[in-house]
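Source file: input_37.cif. Holds: mmCIF, C-alpha atoms.
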data_entry
loop_
_atom_site.label_atom_id
_atom_site.label_comp_id
_atom_site.auth_asym_id
_atom_site.auth_seq_id
_atom_site.Cartn_x
_atom_site.Cartn_y
_atom_site.Cartn_z
CA MET I 1 31.20 69.17 -79.76
CA LYS I 2 32.01 67.16 -76.61
CA ARG I 3 29.00 66.62 -74.36
CA ARG I 4 29.48 68.05 -70.90
CA LYS I 5 29.66 65.36 -68.24
CA VAL I 6 27.72 65.78 -64.99
CA ASP I 7 28.38 63.57 -61.96
CA ILE I 8 25.54 63.22 -59.44
CA ILE I 9 26.58 62.33 -55.89
CA SER I 10 23.59 61.17 -53.84
CA LEU I 11 23.82 61.08 -50.05
CA GLY I 12 21.30 59.99 -47.42
CA CYS I 13 18.11 58.02 -47.85
CA SER I 14 16.36 56.30 -50.73
CA LYS I 15 14.01 59.28 -51.06
CA ASN I 16 17.05 61.39 -51.93
CA LEU I 17 18.12 58.75 -54.43
CA VAL I 18 14.81 59.08 -56.27
CA ASP I 19 15.35 62.85 -56.45
CA SER I 20 18.83 62.29 -57.92
CA GLU I 21 17.42 59.88 -60.49
CA ARG I 22 14.81 62.44 -61.48
CA LEU I 23 17.47 65.12 -61.95
CA MET I 24 19.62 62.75 -64.00
CA LYS I 25 16.74 62.14 -66.43
CA LEU I 26 16.12 65.87 -66.88
CA LEU I 27 19.79 66.57 -67.54
CA THR I 28 20.12 63.60 -69.90
CA ASP I 29 17.07 64.73 -71.87
CA ALA I 30 18.64 68.19 -72.04
CA GLY I 31 21.67 66.75 -73.82
CA LEU I 32 24.16 66.31 -70.98
CA GLU I 33 26.00 63.10 -70.10
CA THR I 34 25.21 62.10 -66.53
CA ARG I 35 26.82 59.57 -64.20
CA HIS I 36 25.66 58.50 -60.75
CA GLU I 37 28.46 58.22 -58.19
CA PRO I 38 31.00 57.02 -60.76
CA GLU I 39 33.85 54.87 -59.49
CA SER I 40 36.21 56.54 -61.96
CA THR I 41 38.94 58.69 -60.43
CA SER I 42 38.31 61.21 -63.19
CA PRO I 43 35.44 63.48 -62.11
CA GLY I 44 32.99 64.99 -64.57
CA ASP I 45 33.05 68.57 -65.80
CA ILE I 46 30.26 69.42 -63.34
CA VAL I 47 29.43 67.82 -59.99
CA VAL I 48 26.03 68.03 -58.29
CA ILE I 49 25.88 66.82 -54.67
CA ASN I 50 22.47 65.85 -53.32
CA THR I 51 22.92 66.23 -49.57
CA CYS I 52 21.33 64.82 -46.41
CA GLY I 53 20.66 66.99 -43.36
CA PHE I 54 18.72 64.65 -41.09
CA ILE I 55 21.08 64.03 -38.15
CA GLY I 56 24.57 65.07 -37.09
CA ASP I 57 26.48 62.22 -38.76
CA ALA I 58 24.62 62.73 -42.05
CA LYS I 59 25.26 66.46 -42.01
CA GLU I 60 28.93 65.85 -41.32
CA GLU I 61 29.16 63.42 -44.25
CA SER I 62 27.46 65.96 -46.52
CA VAL I 63 29.79 68.79 -45.51
CA ASN I 64 32.88 66.61 -45.89
CA THR I 65 31.76 65.53 -49.37
CA ILE I 66 31.18 69.14 -50.41
CA LEU I 67 34.64 70.10 -49.13
CA GLU I 68 36.22 67.20 -51.01
CA TYR I 69 34.79 68.38 -54.32
CA ALA I 70 35.43 72.04 -53.47
CA ASP I 71 39.10 71.10 -53.23
CA LEU I 72 38.91 69.43 -56.66
CA LYS I 73 37.42 72.62 -58.08
CA GLN I 74 40.20 74.74 -56.57
CA ARG I 75 42.74 72.44 -58.23
CA GLY I 76 40.98 72.85 -61.57
CA GLU I 77 39.85 69.23 -61.83
CA ILE I 78 36.16 70.16 -62.17
CA GLU I 79 34.56 73.20 -63.76
CA ALA I 80 31.61 73.76 -61.46
CA LEU I 81 30.16 72.47 -58.18
CA TYR I 82 26.46 72.65 -57.29
CA VAL I 83 24.74 71.52 -54.09
CA MET I 84 21.10 70.55 -53.55
CA GLY I 85 19.11 68.44 -51.10
CA CYS I 86 18.16 68.55 -47.44
CA LEU I 87 21.32 70.19 -46.06
CA SER I 88 21.16 72.89 -48.70
CA GLU I 89 17.45 73.42 -48.08
CA ARG I 90 17.98 73.79 -44.35
CA TYR I 91 21.11 75.95 -44.23
CA ARG I 92 21.02 77.87 -47.50
CA SER I 93 21.55 81.22 -45.78
CA GLU I 94 24.64 80.04 -43.84
CA LEU I 95 26.45 77.65 -46.18
CA PRO I 96 27.47 79.99 -49.06
CA ALA I 97 29.66 82.06 -46.74
CA GLU I 98 31.21 78.93 -45.22
CA ILE I 99 32.00 77.20 -48.54
CA PRO I 100 32.34 79.88 -51.22
CA GLU I 101 33.83 77.40 -53.71
CA VAL I 102 30.30 76.10 -54.42
CA ASP I 103 28.93 77.81 -57.53
CA ALA I 104 25.27 77.63 -56.53
CA TRP I 105 23.02 76.19 -53.84
CA PHE I 106 19.58 74.75 -54.56
CA GLY I 107 16.68 73.42 -52.51
CA LYS I 108 15.64 69.83 -52.09
CA THR I 109 13.69 69.53 -55.36
CA ASP I 110 14.63 72.66 -57.28
CA TRP I 111 14.81 70.91 -60.64
CA ASN I 112 14.09 74.11 -62.52
CA GLY I 113 16.96 75.98 -60.90
CA ILE I 114 19.60 73.33 -61.59
CA VAL I 115 18.48 72.49 -65.12
CA ASN I 116 18.14 76.14 -66.12
CA LYS I 117 21.62 76.77 -64.74
CA LEU I 118 23.13 74.09 -66.96
CA VAL I 119 21.12 74.17 -70.19
CA ASN I 120 19.33 76.72 -72.34
CA LYS I 121 16.06 74.84 -72.76
CA TYR I 122 14.14 72.88 -70.11
CA PRO I 123 13.40 69.37 -71.46
CA ALA I 124 9.86 68.07 -71.98
CA THR I 125 10.27 65.15 -69.57
CA ALA I 126 7.36 63.40 -67.84
CA PRO I 127 7.10 64.56 -64.20
CA TYR I 128 7.79 61.05 -62.91
CA ASP I 129 10.43 59.86 -65.38
CA ARG I 130 13.94 59.13 -64.11
CA VAL I 131 17.13 57.20 -64.67
CA ILE I 132 17.17 54.08 -62.48
CA THR I 133 20.51 53.77 -60.68
CA THR I 134 19.67 50.62 -58.72
CA PRO I 135 19.97 47.18 -60.36
CA LYS I 136 17.45 47.31 -63.19
CA HIS I 137 15.09 44.75 -61.66
CA HIS I 138 14.20 46.85 -58.60
CA ALA I 139 13.42 50.50 -57.95
CA TYR I 140 12.26 52.81 -55.19
CA LEU I 141 8.80 54.34 -55.62
CA LYS I 142 8.24 57.60 -53.73
CA ILE I 143 4.51 58.19 -53.30
CA SER I 144 4.53 61.32 -51.13
CA GLU I 145 6.81 64.00 -49.74
CA GLY I 146 6.93 65.93 -46.48
CA CYS I 147 5.44 65.26 -43.05
CA ASN I 148 2.81 66.81 -40.77
CA ARG I 149 3.71 64.91 -37.59
CA PHE I 150 6.29 67.26 -36.03
CA CYS I 151 7.74 64.70 -33.63
CA ALA I 152 9.78 66.47 -30.97
CA PHE I 153 13.14 65.12 -32.13
CA CYS I 154 12.73 65.30 -35.90
CA ALA I 155 13.81 68.06 -38.28
CA ILE I 156 12.32 66.48 -41.41
CA PRO I 157 9.16 68.64 -41.49
CA LEU I 158 11.38 71.71 -41.14
CA ILE I 159 13.29 70.61 -44.26
CA THR I 160 10.70 68.99 -46.53
CA GLY I 161 7.61 70.96 -45.51
CA ARG I 162 4.08 69.69 -45.13
CA HIS I 163 2.94 66.30 -46.35
CA HIS I 164 1.67 66.09 -49.91
CA SER I 165 0.72 62.95 -51.83
CA ARG I 166 1.24 62.17 -55.48
CA THR I 167 -1.92 61.20 -57.33
CA PRO I 168 -2.57 57.48 -57.78
CA GLU I 169 -2.87 58.04 -61.53
CA GLU I 170 0.65 59.46 -61.78
CA ILE I 171 2.09 56.72 -59.56
CA GLU I 172 0.40 54.05 -61.68
CA SER I 173 1.81 55.59 -64.85
CA GLU I 174 5.30 55.57 -63.34
CA VAL I 175 5.05 51.92 -62.32
CA LYS I 176 3.84 50.87 -65.77
CA MET I 177 6.71 52.77 -67.36
CA LEU I 178 9.27 51.12 -65.05
CA VAL I 179 7.78 47.66 -65.62
CA SER I 180 8.22 48.19 -69.36
CA ARG I 181 11.93 48.80 -68.64
CA GLY I 182 12.35 45.58 -66.67
CA VAL I 183 11.62 46.59 -63.07
CA LYS I 184 9.93 43.78 -61.13
CA GLU I 185 10.32 44.85 -57.50
CA PHE I 186 9.03 48.17 -56.16
CA ASN I 187 10.06 49.44 -52.75
CA ILE I 188 7.36 51.95 -51.85
CA ILE I 189 8.74 54.83 -49.78
CA ALA I 190 7.41 57.97 -48.09
CA GLN I 191 8.30 60.00 -45.05
CA ASP I 192 4.86 59.07 -43.70
CA LEU I 193 3.32 56.15 -45.55
CA SER I 194 0.31 56.10 -43.21
CA ALA I 195 -0.77 59.56 -44.37
CA TYR I 196 -0.77 58.75 -48.07
CA GLY I 197 -3.86 60.17 -49.77
CA THR I 198 -5.25 61.98 -46.73
CA ASP I 199 -4.64 65.28 -48.54
CA LEU I 200 -6.26 64.03 -51.74
CA SER I 201 -9.56 63.07 -50.14
CA SER I 202 -12.25 65.39 -48.79
CA SER I 203 -12.77 62.91 -45.95
CA GLY I 204 -9.08 62.93 -44.98
CA LYS I 205 -9.00 59.13 -45.21
CA SER I 206 -5.84 57.27 -46.18
CA GLY I 207 -5.74 56.10 -49.77
CA LEU I 208 -2.96 53.57 -49.28
CA ALA I 209 -5.15 50.45 -49.48
CA ASP I 210 -6.69 51.53 -52.79
CA LEU I 211 -3.25 52.44 -54.17
CA LEU I 212 -1.89 49.01 -53.25
CA LYS I 213 -4.78 47.30 -55.03
CA ARG I 214 -4.19 49.46 -58.08
CA LEU I 215 -0.45 48.78 -58.23
CA SER I 216 -0.65 45.08 -57.44
CA ASP I 217 -3.04 44.64 -60.37
CA ILE I 218 -0.40 45.84 -62.85
CA ASN I 219 0.95 42.99 -64.95
CA GLY I 220 4.68 42.58 -64.32
CA VAL I 221 4.71 43.86 -60.73
CA GLU I 222 6.24 40.91 -58.88
CA TRP I 223 6.90 42.47 -55.47
CA LEU I 224 5.66 45.57 -53.63
CA ARG I 225 7.30 46.35 -50.30
CA LEU I 226 6.19 49.01 -47.80
CA HIS I 227 8.51 51.42 -46.01
CA TYR I 228 8.15 54.06 -43.33
CA ALA I 229 4.64 53.72 -41.94
CA TYR I 230 3.72 55.79 -38.90
CA PRO I 231 2.06 53.97 -35.97
CA ALA I 232 -0.45 56.72 -35.07
CA ASP I 233 -3.40 56.71 -37.50
CA PHE I 234 -2.06 53.56 -39.13
CA PRO I 235 -4.34 52.55 -42.06
CA LYS I 236 -5.42 49.11 -40.89
CA GLU I 237 -7.44 48.61 -44.06
CA ILE I 238 -4.19 47.75 -45.86
CA LEU I 239 -3.80 44.54 -43.83
CA PRO I 240 -6.40 42.41 -45.68
CA VAL I 241 -5.03 43.75 -48.98
CA MET I 242 -1.52 42.66 -48.01
CA ALA I 243 -2.76 39.25 -46.92
CA ASP I 244 -4.79 38.78 -50.12
CA ARG I 245 -2.26 39.90 -52.75
CA ASP I 246 0.63 37.52 -53.42
CA ASN I 247 2.79 40.26 -54.94
CA ILE I 248 2.63 42.48 -51.84
CA CYS I 249 5.51 41.37 -49.65
CA ASN I 250 4.79 40.29 -46.09
CA TYR I 251 7.00 43.12 -44.87
CA LEU I 252 6.38 46.44 -43.17
CA ASP I 253 8.83 49.11 -42.06
CA ILE I 254 7.19 51.00 -39.19
CA ALA I 255 9.34 53.23 -36.97
CA LEU I 256 8.16 53.00 -33.35
CA GLN I 257 11.02 54.90 -31.63
CA HIS I 258 10.08 53.83 -28.06
CA ILE I 259 7.47 52.06 -25.94
CA SER I 260 7.47 53.98 -22.64
CA ASP I 261 4.36 56.17 -22.33
CA LYS I 262 6.46 58.86 -20.67
CA VAL I 263 9.01 58.95 -23.49
CA LEU I 264 6.43 58.63 -26.28
CA LYS I 265 4.52 61.59 -24.86
CA SER I 266 7.69 63.67 -24.66
CA MET I 267 8.50 62.67 -28.22
CA LYS I 268 5.04 63.92 -29.31
CA ARG I 269 4.36 60.63 -31.07
CA LYS I 270 0.55 60.78 -30.57
CA ILE I 271 0.38 57.11 -29.61
CA GLY I 272 0.99 55.26 -26.34
CA LYS I 273 2.14 51.84 -25.25
CA LYS I 274 -1.28 50.18 -25.12
CA ASP I 275 -2.28 51.25 -28.63
CA THR I 276 1.16 50.36 -29.99
CA LEU I 277 0.96 46.81 -28.62
CA GLU I 278 -2.58 46.39 -29.94
CA LEU I 279 -1.52 47.63 -33.37
CA LEU I 280 1.39 45.20 -33.54
CA ASP I 281 -0.94 42.33 -32.59
CA GLU I 282 -3.39 43.35 -35.32
CA ILE I 283 -0.66 43.59 -37.94
CA ARG I 284 0.78 40.17 -37.10
CA SER I 285 -2.63 38.47 -36.96
CA GLY I 286 -3.87 40.27 -40.09
CA VAL I 287 -0.83 39.34 -42.20
CA PRO I 288 0.45 35.91 -41.07
CA GLY I 289 4.18 35.52 -41.55
CA ILE I 290 4.84 39.24 -41.83
CA HIS I 291 8.32 40.51 -41.01
CA LEU I 292 8.39 43.84 -39.21
CA ARG I 293 11.26 46.30 -39.43
CA THR I 294 11.36 49.07 -36.87
CA THR I 295 13.67 51.81 -35.63
CA LEU I 296 14.15 52.65 -31.97
CA MET I 297 15.86 55.52 -30.18
CA THR I 298 17.89 55.49 -26.98
CA GLY I 299 18.84 58.43 -24.79
CA PHE I 300 15.94 60.77 -25.52
CA PRO I 301 15.59 63.44 -22.80
CA GLY I 302 13.67 61.95 -19.87
CA GLU I 303 14.62 58.34 -20.64
CA GLY I 304 15.79 56.99 -17.29
CA GLU I 305 16.93 53.48 -16.46
CA LYS I 306 13.32 52.44 -15.85
CA GLU I 307 12.19 53.61 -19.29
CA PHE I 308 15.18 52.00 -20.97
CA GLU I 309 14.52 48.67 -19.24
CA GLU I 310 10.94 48.92 -20.48
CA LEU I 311 12.29 49.36 -24.01
CA LEU I 312 14.57 46.32 -23.64
CA GLN I 313 11.66 44.19 -22.43
CA PHE I 314 9.59 45.39 -25.39
CA VAL I 315 12.28 44.28 -27.86
CA GLU I 316 12.65 40.93 -26.13
CA GLN I 317 8.91 40.27 -26.16
CA GLN I 318 8.16 41.50 -29.69
CA ARG I 319 11.08 39.74 -31.40
CA PHE I 320 11.22 42.09 -34.37
CA GLU I 321 12.51 40.35 -37.47
CA ARG I 322 14.39 43.49 -38.50
CA MET I 323 15.41 46.32 -36.20
CA GLY I 324 17.72 49.31 -36.18
CA ALA I 325 18.41 51.82 -33.41
CA PHE I 326 20.25 55.07 -32.87
CA ALA I 327 21.17 57.36 -30.02
CA TYR I 328 19.33 60.67 -29.65
CA CYS I 329 21.09 63.65 -31.19
CA GLU I 330 19.70 67.12 -30.57
CA GLU I 331 18.61 68.82 -33.80
CA GLU I 332 18.37 72.59 -33.82
CA GLY I 333 14.94 74.04 -34.45
CA THR I 334 13.06 70.98 -33.20
CA PHE I 335 10.66 71.01 -30.26
CA ALA I 336 13.05 68.88 -28.21
CA ALA I 337 16.00 71.20 -28.82
CA GLN I 338 13.95 74.20 -27.79
CA ASN I 339 12.21 72.70 -24.77
CA TYR I 340 14.27 69.81 -23.32
CA LYS I 341 17.77 69.64 -21.89
CA ASP I 342 19.94 67.00 -23.50
CA ILE I 343 21.60 65.92 -20.25
CA ILE I 344 22.05 62.18 -20.76
CA PRO I 345 25.81 61.66 -21.29
CA GLN I 346 26.86 60.41 -24.70
CA GLU I 347 28.56 57.38 -23.18
CA VAL I 348 25.28 56.39 -21.49
CA LYS I 349 23.39 56.76 -24.77
CA GLN I 350 25.98 54.59 -26.48
CA GLN I 351 25.87 51.94 -23.73
CA ARG I 352 22.11 51.73 -24.10
CA LEU I 353 22.39 51.56 -27.87
CA ASP I 354 24.97 48.77 -27.63
CA ALA I 355 22.78 46.83 -25.18
CA ILE I 356 19.67 46.99 -27.33
CA MET I 357 21.54 46.01 -30.49
CA GLU I 358 23.24 43.09 -28.70
CA LEU I 359 19.81 41.87 -27.61
CA GLN I 360 18.48 42.22 -31.14
CA GLN I 361 21.42 40.32 -32.63
CA GLY I 362 20.53 37.29 -30.55
CA ILE I 363 16.89 37.56 -31.65
CA SER I 364 17.95 37.90 -35.28
CA GLU I 365 20.11 34.79 -35.02
CA GLU I 366 17.18 32.77 -33.69
CA ILE I 367 14.82 34.02 -36.39
CA GLN I 368 17.39 33.30 -39.12
CA ASN I 369 18.01 29.78 -37.77
CA GLU I 370 14.28 29.05 -37.97
CA LYS I 371 14.54 29.36 -41.76
CA ILE I 372 17.02 26.49 -42.13
CA GLY I 373 15.43 23.74 -44.21
CA SER I 374 12.79 25.98 -45.75
CA VAL I 375 12.46 26.78 -49.45
CA LEU I 376 12.23 30.52 -50.16
CA LYS I 377 11.55 32.59 -53.25
CA VAL I 378 14.60 34.77 -53.87
CA ILE I 379 15.32 37.57 -56.31
CA VAL I 380 18.94 37.49 -57.52
CA ASP I 381 20.69 40.86 -57.19
CA ARG I 382 24.24 40.10 -58.31
CA GLU I 383 26.83 37.50 -59.20
CA GLU I 384 30.10 37.27 -57.31
CA GLU I 385 33.15 35.12 -57.96
CA ASP I 386 31.96 32.05 -56.09
CA CYS I 387 28.25 32.66 -55.48
CA PHE I 388 25.08 34.56 -56.36
CA VAL I 389 23.52 37.00 -53.90
CA GLY I 390 19.80 37.66 -53.55
CA ARG I 391 17.00 38.60 -51.18
CA THR I 392 13.67 37.18 -49.99
CA GLN I 393 10.40 39.11 -49.79
CA TRP I 394 11.40 39.96 -46.20
CA ASP I 395 14.57 41.76 -47.20
CA SER I 396 14.75 45.33 -48.43
CA PRO I 397 17.85 46.29 -50.47
CA ASP I 398 20.93 47.51 -48.60
CA VAL I 399 19.46 47.30 -45.08
CA ASP I 400 18.28 43.71 -44.58
CA PRO I 401 19.91 40.26 -44.70
CA GLU I 402 20.92 38.67 -48.00
CA VAL I 403 20.78 35.12 -49.34
CA ILE I 404 24.05 33.57 -50.52
CA ILE I 405 23.33 31.00 -53.26
CA SER I 406 25.78 28.37 -54.47
CA LYS I 407 26.86 28.78 -58.08
CA ASP I 408 24.37 27.25 -60.51
CA SER I 409 24.14 27.64 -64.28
CA GLY I 410 20.37 28.11 -64.04
CA ILE I 411 20.59 31.31 -62.00
CA LYS I 412 20.37 34.72 -63.66
CA ARG I 413 20.72 38.18 -62.19
CA GLY I 414 17.36 39.94 -61.89
CA GLU I 415 15.40 36.66 -61.98
CA PHE I 416 13.58 34.78 -59.23
CA CYS I 417 14.52 31.30 -58.07
CA ASN I 418 13.60 28.93 -55.26
CA VAL I 419 16.37 28.40 -52.72
CA LYS I 420 16.61 25.76 -50.00
CA ILE I 421 18.24 27.29 -46.92
CA THR I 422 21.07 25.13 -45.56
CA LYS I 423 22.77 27.51 -43.12
CA ALA I 424 21.97 30.74 -41.30
CA MET I 425 23.92 33.64 -39.86
CA PRO I 426 22.63 36.85 -38.23
CA PHE I 427 22.67 38.80 -41.50
CA GLU I 428 22.92 36.11 -44.15
CA LEU I 429 21.17 32.95 -45.24
CA ILE I 430 23.04 30.34 -47.28
CA GLY I 431 21.33 27.96 -49.64
CA VAL I 432 21.13 26.10 -52.95
CA LYS I 433 18.80 26.53 -55.90
CA ILE I 434 16.24 23.77 -56.28
#
Take the structure I supplied and represent it as structure tokens, if you would.
Amino acid sequence: MKRRKVDIISLGCSKNLVDSERLMKLLTDAGLETRHEPESTSPGDIVVINTCGFIGDAKEESVNTILEYADLKQRGEIEALYVMGCLSERYRSELPAEIPEVDAWFGKTDWNGIVNKLVNKYPATAPYDRVITTPKHHAYLKISEGCNRFCAFCAIPLITGRHHSRTPEEIESEVKMLVSRGVKEFNIIAQDLSAYGTDLSSSGKSGLADLLKRLSDINGVEWLRLHYAYPADFPKEILPVMADRDNICNYLDIALQHISDKVLKSMKRKIGKKDTLELLDEIRSGVPGIHLRTTLMTGFPGEGEKEFEELLQFVEQQRFERMGAFAYCEEEGTFAAQNYKDIIPQEVKQQRLDAIMELQQGISEEIQNEKIGSVLKVIVDREEEDCFVGRTQWDSPDVDPEVIISKDSGIKRGEFCNVKITKAMPFELIGVKI
């Protein structure tokens, strides 16, 4: 009998990707053939879309993707269409009436519902096992879910619920399993990395430093990289661990959003300008050579020209190695949507966004140029027709700069090599293997 083919379409962030990989493993163990975002023009018998519902653009992409596959179902090109993830979790009462072609809607992590819908017997799969869809030498490692912060602009806690950490024992088991399959680089992710372990300890203390020690001691773990720390209650005890362990990358993704005390208070960020500046100084002095990635927001209600100029000065002075920004978009159900008027015109938000990103591009160029002549350890992600492409410890997959390496017979995908940088561009370094 022909095995039924299930295509998994994963939208949104890397946390969603991990959920999709988990579902793929369950379905595979249950006897189905699964594919992740196949390039083939021939869709599978069943399509599962894992949606994002974070901001307006992401919701629009999710809805458009659902409609695309709903049309394929109407034409008889697929048998069934199922939807899960953040959008489905948030709007499950409204969406079925709007898109009746979808056969069933599931929550963000409703593995039981989807698997039981497709197979007769739930597989005996380890709770952390999954099919890795990234290049086999690197994987995302989700250590917690949910968030307790309730920032004024953010709908994530409304979608994912309260913060809850995975146990260090389970995380360690997952890492050892993935190392045995060839994974060398682990990108640690969480909605709130700073809060990891606070719900596992009677003292409410972060367990991130102990987890990092535990994971960095595992033979075969070459790189650990940290994503999505929160500045308030930041666990400073991780800094000496990062500085001491060679396989913990000198990299930290910490979303700051703004620097104006007025705006930070309105955002309900629970940290002000003075403490933010002191924290950044401590991080940079505690981990020499660290590269910081942050995210900033323009156009939040109450951000006047004075507050925006303060933000520009902050970016200029801090010289973040990696930075992204976005314009405020009102999200229903959030504190901001219920209590503030979104009166800043969209064109003003966009002008501010363009200005801050133009400033950052110049900073990025200068930082990249400083690397010319240096020799860097690079992991090789892929081979192209006339070059290899890799990343340094300061570069997270898909979002940060890449290293273009001249063709050399001694270079292999998934391996590390030393590269001398000969040229720099804002989002690329160019070099030769030595």
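Within the 9 Å cut-off around stretch 103-111 of chain I, using only C-alpha atoms and omitting residues fewer than 2 positions from it on the same chain, the listed residues are Asn16, Asp19, Arg22, Leu23, Leu26, Asn50, Thr51, Ala80, Leu81, Tyr82, Val83, Met84, Gly85, Cys86, Leu87, Ser88, Glu89, Arg90, Arg92, Leu95, Pro96, Pro100, Glu101, Gly113, Ile114, Val115, Asn116, Ile159 and Thr160 of chain I.
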Can you write just those residues out, C-alpha atoms, as a short mmCIF file (atom, residue, chain, number, x, y, z; two decimals), in the coordinates of the input?
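What follows is the written file out.cif:
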data_model
loop_
_atom_site.label_atom_id
_atom_site.label_comp_id
_atom_site.auth_asym_id
_atom_site.auth_seq_id
_atom_site.Cartn_x
_atom_site.Cartn_y
_atom_site.Cartn_z
CA ASN I 16 17.05 61.39 -51.93
CA ASP I 19 15.35 62.85 -56.45
CA ARG I 22 14.81 62.44 -61.48
CA LEU I 23 17.47 65.12 -61.95
CA LEU I 26 16.12 65.87 -66.88
CA ASN I 50 22.47 65.85 -53.32
CA THR I 51 22.92 66.23 -49.57
CA ALA I 80 31.61 73.76 -61.46
CA LEU I 81 30.16 72.47 -58.18
CA TYR I 82 26.46 72.65 -57.29
CA VAL I 83 24.74 71.52 -54.09
CA MET I 84 21.10 70.55 -53.55
CA GLY I 85 19.11 68.44 -51.10
CA CYS I 86 18.16 68.55 -47.44
CA LEU I 87 21.32 70.19 -46.06
CA SER I 88 21.16 72.89 -48.70
CA GLU I 89 17.45 73.42 -48.08
CA ARG I 90 17.98 73.79 -44.35
CA ARG I 92 21.02 77.87 -47.50
CA LEU I 95 26.45 77.65 -46.18
CA PRO I 96 27.47 79.99 -49.06
CA PRO I 100 32.34 79.88 -51.22
CA GLU I 101 33.83 77.40 -53.71
CA GLY I 113 16.96 75.98 -60.90
CA ILE I 114 19.60 73.33 -61.59
CA VAL I 115 18.48 72.49 -65.12
CA ASN I 116 18.14 76.14 -66.12
CA ILE I 159 13.29 70.61 -44.26
CA THR I 160 10.70 68.99 -46.53
#
Evaluated on this file, the PyMOL selection byres ((chain I and resi 389) around 10) picks out some residues - which ones are they, written as a list of chain:residue names?
I:Val378, I:Ile379, I:Val380, I:Asp381, I:Arg382, I:Glu383, I:Glu384, I:Cys387, I:Phe388, I:Gly390, I:Arg391, I:Glu402, I:Val403, I:Ile404, I:Ile405, I:Ser406, I:Lys407, I:Arg413, I:Glu428, I:Leu429, I:Ile430
Residues within 10 Å of stretch 266-280 of chain I, only C-alpha atoms, excluding chain neighbours under 4 positions, as a PyMOL selection string:
chain I and resi 149-154+230-234+236+254+256-262+284-286+292+300-303+314+318+335-336+340
Separation of atom CA of I:Ala255 from atom CA of I:Glu365 in Å
21.4 Å
Extending 4 Å beyond the listed atoms of stretch 26-37 of chain I on each side, what axis-aligned box results? I want centre and edge lengths in Å to one decimal, as JSON.
{"center_x": 22.3, "center_y": 63.2, "center_z": -66.0, "size_x": 20.3, "size_y": 18.0, "size_z": 23.6}
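Distances from I:Thr125, I:Gln313, I:Thr294, I:Asn64 to I:Thr28 were compared using all atoms listed in the file, and the smallest one belongs to I:Thr125.
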Which residues come within 8 Å of I:Met323, counting all atoms listed in the file, excluding same-chain residues fewer than 4 positions away, as JSON, numbers by chain?
{"I": [293, 294, 295, 296, 360]}
Run through the PyMOL selection byres ((chain I and resi 5-14) around 9) on the given coordinates and return the selected residues as a ChimeraX atom specification.
/I:2-4,15-21,23-24,27,32-38,43-54,58,61-62,65,85,140,142,189
Take the residues that were just selected and, keeping C-alpha atoms, output them as a compact mmCIF listing (two decimals), in the frame of the given file.
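Output below, filename result-v6.txt:
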# COMPACT_ATOMS: atom_id res chain seq x y z
CA LYS I 2 32.01 67.16 -76.61
CA ARG I 3 29.00 66.62 -74.36
CA ARG I 4 29.48 68.05 -70.90
CA LYS I 15 14.01 59.28 -51.06
CA ASN I 16 17.05 61.39 -51.93
CA LEU I 17 18.12 58.75 -54.43
CA VAL I 18 14.81 59.08 -56.27
CA ASP I 19 15.35 62.85 -56.45
CA SER I 20 18.83 62.29 -57.92
CA GLU I 21 17.42 59.88 -60.49
CA LEU I 23 17.47 65.12 -61.95
CA MET I 24 19.62 62.75 -64.00
CA LEU I 27 19.79 66.57 -67.54
CA LEU I 32 24.16 66.31 -70.98
CA GLU I 33 26.00 63.10 -70.10
CA THR I 34 25.21 62.10 -66.53
CA ARG I 35 26.82 59.57 -64.20
CA HIS I 36 25.66 58.50 -60.75
CA GLU I 37 28.46 58.22 -58.19
CA PRO I 38 31.00 57.02 -60.76
CA PRO I 43 35.44 63.48 -62.11
CA GLY I 44 32.99 64.99 -64.57
CA ASP I 45 33.05 68.57 -65.80
CA ILE I 46 30.26 69.42 -63.34
CA VAL I 47 29.43 67.82 -59.99
CA VAL I 48 26.03 68.03 -58.29
CA ILE I 49 25.88 66.82 -54.67
CA ASN I 50 22.47 65.85 -53.32
CA THR I 51 22.92 66.23 -49.57
CA CYS I 52 21.33 64.82 -46.41
CA GLY I 53 20.66 66.99 -43.36
CA PHE I 54 18.72 64.65 -41.09
CA ALA I 58 24.62 62.73 -42.05
CA GLU I 61 29.16 63.42 -44.25
CA SER I 62 27.46 65.96 -46.52
CA THR I 65 31.76 65.53 -49.37
CA GLY I 85 19.11 68.44 -51.10
CA TYR I 140 12.26 52.81 -55.19
CA LYS I 142 8.24 57.60 -53.73
CA ILE I 189 8.74 54.83 -49.78
Written as a ChimeraX atom specification, what is the full residue list that the PyMOL selection byres ((chain I and resi 344) around 12) yields on the file shown?
/I:298-305,327-330,340-343,345-352
Considering all atoms listed in the file, tabulate each residue of stretch 153-206 of chain I that lies at most 8 Å from stretch 217-224 of chain I along with its nearest interatomic pair and the corresponding distance in Å to one decimal; arrange the rows by chain and ascending residue number and present them as a tab-separated table.
residue	atom	partner	partner_atom	distance
I:Lys176	CA	I:Ile218	CA	7.2
I:Val179	CA	I:Gly220	CA	6.1
I:Val183	CA	I:Val221	CA	7.8
I:Lys184	CA	I:Glu222	CA	5.2
I:Glu185	CA	I:Trp223	CA	4.6
I:Phe186	CA	I:Leu224	CA	5.0
I:Asn187	CA	I:Leu224	CA	5.9
I:Ile188	CA	I:Leu224	CA	6.8
Length of the atom CA of I:His163 to atom CA of I:Asn148 vector [Å]
5.6 Å
Using all atoms listed in the file, which protein or nucleic acid residues come within 12 Å of I:Glu170? Drop anything in the same chain fewer than 6 positions from it, and give the result as a list in words.
Ala126, Pro127, Tyr128, Asp129, Leu141, Lys142, Ile143, Ser144, Lys176, Met177, Leu211, Arg214 and Leu215 of chain I
